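What follows is a single structure, written as structure tokens, with notes after it.
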Amino acid sequence: MEYTIIETKQGQLRGASANGVKSWKGVPYAQPPIGDLRFRAPHPPAEWDGVRDALAFGSIALQAQPPEDSIFASPGVTMSEDCLYLNVWTPEDAGERLPVMVWIHGGSFISGSSSLPLYDGTQLALRGGCVVVSLNYRLGPLGFMHLSPLGEGFDSNAGLSDQVQALEWVKNNIAAFGGDPGNVTLFGESAGSMSIAAVLAMPAAKGLFHKAIMQSGGAQSMSSAQGEIVAAAFLRRLGVDGGNLERLKTFSPQELLTATAEMRPAEGEEWPALPFQPVVEPETLPQEPLSAVSQGAAEGIPLIIGTNHDEGDFFMRDESQLASPEEFAHMIRALTGVEDAEAWTSRYAPTVQGQARAMTELYFWRSSLAFAEAQSRYAPVWMYRFDWTLPGHPFFGKAVHAAEMPFVFGNLVLLPRIGIRVEPAMQNLADAMRGAWQAFAASGDPSLPSLPWARYETEARQTMIFDHNPMPQNDPERAKREALFS
């Protein structure tokens, strides 16, 4: 491994050069959000003297960590409130003005990080001729607690503001890494995709990116009133009221995590399915994302959006997770905001498999379809569905939530660790997905010479099916799609 030094607006960074790719990890894009900056929008990063090492990932945001052997873990990486760091990969022989791809991780707004091996940007940078950026952002109460009603000293949607601040850093610095600040593509999965939906609607993000890829997540937000219910429960659990608000800046990280796990709504209050998520409020997200996009908030931003065939099977796997029909309808209503959820959920069998299918279609697919239609009036849109499976495998036996990740990043080398032999057809699928994503980042069109991909328009509704043999299909499962909006 060799070292490589680069000059940013804040100072010099020492990165590593190996296997045809240069990388800089743990780069601060904002000041540490600690002390008086806890629960505040991020502040721009400070300058430093000398050369700063950027050889290891920065700390991940506060969260309940998965087991070390999980493919969703970040082995050897610390956890801290001081977590606003990003990572950059670029080809060793990079010229200038390469397309830039900025990754936003998922995790239900309460977990995840940019340092997962699944998200390593080496293959994207090396094989696609682009600059890849990934970032951490604040999670849980530190990132998505609706506290702006408390007054000066507290902000809402801090996690979204973190993402916007990272894009500001990219705008100001990425040219030094060979990237084109005028050709930035946001891509993300699950809560990362939902974050992109919100960022598309945020006035502060205007002009900071130019294309978007949303994987397995449409518009997701809660009202200010819902956010206040969650915040009140959090404050009650900590014993904080209007007379001692500054105590919120003094609790230890562990005390905050414990309070988060133990908070409950008051009698009669409606609790959102995701207590931490973007909240509609004047300063950061003044309008519900789907509504804003429907009115042209993201005009001129080309979009790829799609889902996996069996999203819900990631969340519902055994009989212990089976909900009563009433409980399941309540969950879907809380997730989607649709009042008459029973009319939808009654169409599905009251089994684990039936409820998993309902979650796939009612929550993931429907929201993506709605977002695609909204944005297609203002910019080109392409729709996909990931169908690939490995029958009999405990994770990849169905095309579950997050199953596309190693294919998008080209990181199939990780799969033997979980008992999968990588076959040539799998590599072909990875090349097709990675190639389409990078063609889109470069030109605004995901079509490849070997795989033409037409826009999603309401007449044909062409959808690219990524399976053992990727191919486009017009309006897949049309009857089900129509029923979702009836």
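Following the order of the structure tokens, first chain is A, next is B, and so on, with residues numbered from 1 inside each chain and ligands from 1 in the order they appear.
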- Query: If we count only C-alpha atoms, what is near Leu414 of chain A at a cut-off of 9 Å, once residues fewer than 5 positions away on the same chain are taken out, given as number ranges by chain?
  - Reply: A: 71, 117-118, 406, 420
For N, CA and C atoms, I'd like the residues from the last selection saved as a tab-separated table (two decimals), in the first residue's frame.
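Now in result_14.tsv:
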chain	number	residue	atom	x	y	z
A	71	ILE	N	-23.36	-9.39	8.06
A	71	ILE	CA	-22.94	-8.64	6.88
A	71	ILE	C	-23.36	-7.18	6.99
A	117	PRO	N	-18.63	-3.43	4.88
A	117	PRO	CA	-17.91	-3.96	3.73
A	117	PRO	C	-18.76	-4.03	2.46
A	118	LEU	N	-20.07	-4.22	2.61
A	118	LEU	CA	-20.96	-4.23	1.45
A	118	LEU	C	-20.87	-2.95	0.65
A	406	PRO	N	-24.77	-6.30	-2.86
A	406	PRO	CA	-23.47	-6.73	-3.38
A	406	PRO	C	-23.39	-6.65	-4.90
A	420	ILE	N	-21.84	-18.82	-0.22
A	420	ILE	CA	-22.32	-18.71	-1.60
A	420	ILE	C	-21.13	-18.78	-2.56
Counting only C-alpha atoms, which residues of segment 265-378 of chain A sit at most 10 Å from some atom of segment 231-251 of chain A, and what is each one's closest atom pair with its distance in Å to one decimal, listed by chain and rising residue number, as a tab-separated table?
residue	atom	partner	partner_atom	distance
A:Pro265	CA	A:Ala233	CA	5.7
A:Ala266	CA	A:Ala233	CA	7.2
A:Pro275	CA	A:Ala231	CA	9.1
A:Phe276	CA	A:Ala231	CA	9.8
Restrict the selected residues to N, CA and C atoms and save them as a compact mmCIF listing (two decimals), in the first residue's frame.
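part19.txt, freshly written:
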# COMPACT_ATOMS: atom_id res chain seq x y z
N PRO A 265 -45.62 6.13 24.13
CA PRO A 265 -46.59 7.22 23.98
C PRO A 265 -47.46 7.35 25.22
N ALA A 266 -48.03 8.51 25.40
CA ALA A 266 -49.00 8.71 26.47
C ALA A 266 -50.32 8.06 26.08
N PRO A 275 -40.64 5.75 14.68
CA PRO A 275 -40.60 6.95 15.52
C PRO A 275 -39.51 7.93 15.12
N PHE A 276 -38.51 7.44 14.39
CA PHE A 276 -37.46 8.34 13.89
C PHE A 276 -37.49 8.30 12.37
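Counting only C-alpha atoms, the residue from A:Gly129, A:Gly354, A:Pro278, A:Gly306 that sits nearest to Ile213 of chain A is A:Gly306.
Contact shell of Thr389 of chain A at 6 Å (only C-alpha atoms; same-chain neighbours under 5 positions omitted): Phe396, Gly397, Lys398 and Ala399 of chain A.
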For the selection you just gave me, I'd like the residues written to a file as a PDB file, in the first residue's frame, keeping C-alpha atoms.
ATOM      1  CA  PHE A 396     -30.887 -15.023  -0.711  1.00  0.00           C
ATOM      2  CA  GLY A 397     -33.558 -17.721  -1.040  1.00  0.00           C
ATOM      3  CA  LYS A 398     -35.894 -14.835  -1.875  1.00  0.00           C
ATOM      4  CA  ALA A 399     -35.220 -11.404  -3.361  1.00  0.00           C
TER       5      ALA A 399
END
- Taking the DSSP assignment computed from this structure's backbone, write out as an NGL selection string all residues of segment 103-273 of chain A that belong to strand (DSSP E). :A and (103-104 or 131-135 or 179-189 or 211-215)
- Message: Report as JSON, numbers by chain all protein, DNA and RNA residues lying within 8 Å of Glu288 of chain A, evaluated on only C-alpha atoms, omitting residues in the same chain fewer than 3 positions from it.
- Response: {"A": [198, 201, 221, 280, 285, 291, 292]}
Residues just named, written with C-alpha atoms as an mmCIF file, in the first residue's frame:
data_model
loop_
_atom_site.group_PDB
_atom_site.id
_atom_site.type_symbol
_atom_site.label_atom_id
_atom_site.label_comp_id
_atom_site.auth_asym_id
_atom_site.auth_seq_id
_atom_site.Cartn_x
_atom_site.Cartn_y
_atom_site.Cartn_z
ATOM 1 C CA ALA A 198 -36.734 14.007 1.444
ATOM 2 C CA ALA A 201 -37.873 18.158 -1.471
ATOM 3 C CA SER A 221 -42.146 11.364 6.596
ATOM 4 C CA VAL A 280 -42.392 17.971 7.946
ATOM 5 C CA LEU A 285 -38.639 20.030 5.105
ATOM 6 C CA SER A 291 -46.418 16.144 -2.420
ATOM 7 C CA ALA A 292 -43.445 18.433 -3.043
#
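Contact shell of Phe466 of chain A at 6 Å (only C-alpha atoms; same-chain neighbours under 4 positions omitted): Phe386, Asp387 and Pro470 of chain A.
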Would you put the residues from that selection into a file with N, CA and C atoms, as a short mmCIF file (atom, residue, chain, number, x, y, z; two decimals), in the first residue's frame?
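Here's the written file out-v6.cif:
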data_model
loop_
_atom_site.label_atom_id
_atom_site.label_comp_id
_atom_site.auth_asym_id
_atom_site.auth_seq_id
_atom_site.Cartn_x
_atom_site.Cartn_y
_atom_site.Cartn_z
N PHE A 386 -35.68 -6.04 -8.66
CA PHE A 386 -34.63 -7.03 -8.46
C PHE A 386 -35.28 -8.35 -8.07
N ASP A 387 -35.10 -9.37 -8.91
CA ASP A 387 -35.77 -10.66 -8.72
C ASP A 387 -34.83 -11.82 -8.41
N PRO A 470 -31.17 -10.49 -17.05
CA PRO A 470 -31.87 -9.21 -16.96
C PRO A 470 -32.56 -8.85 -18.28
#
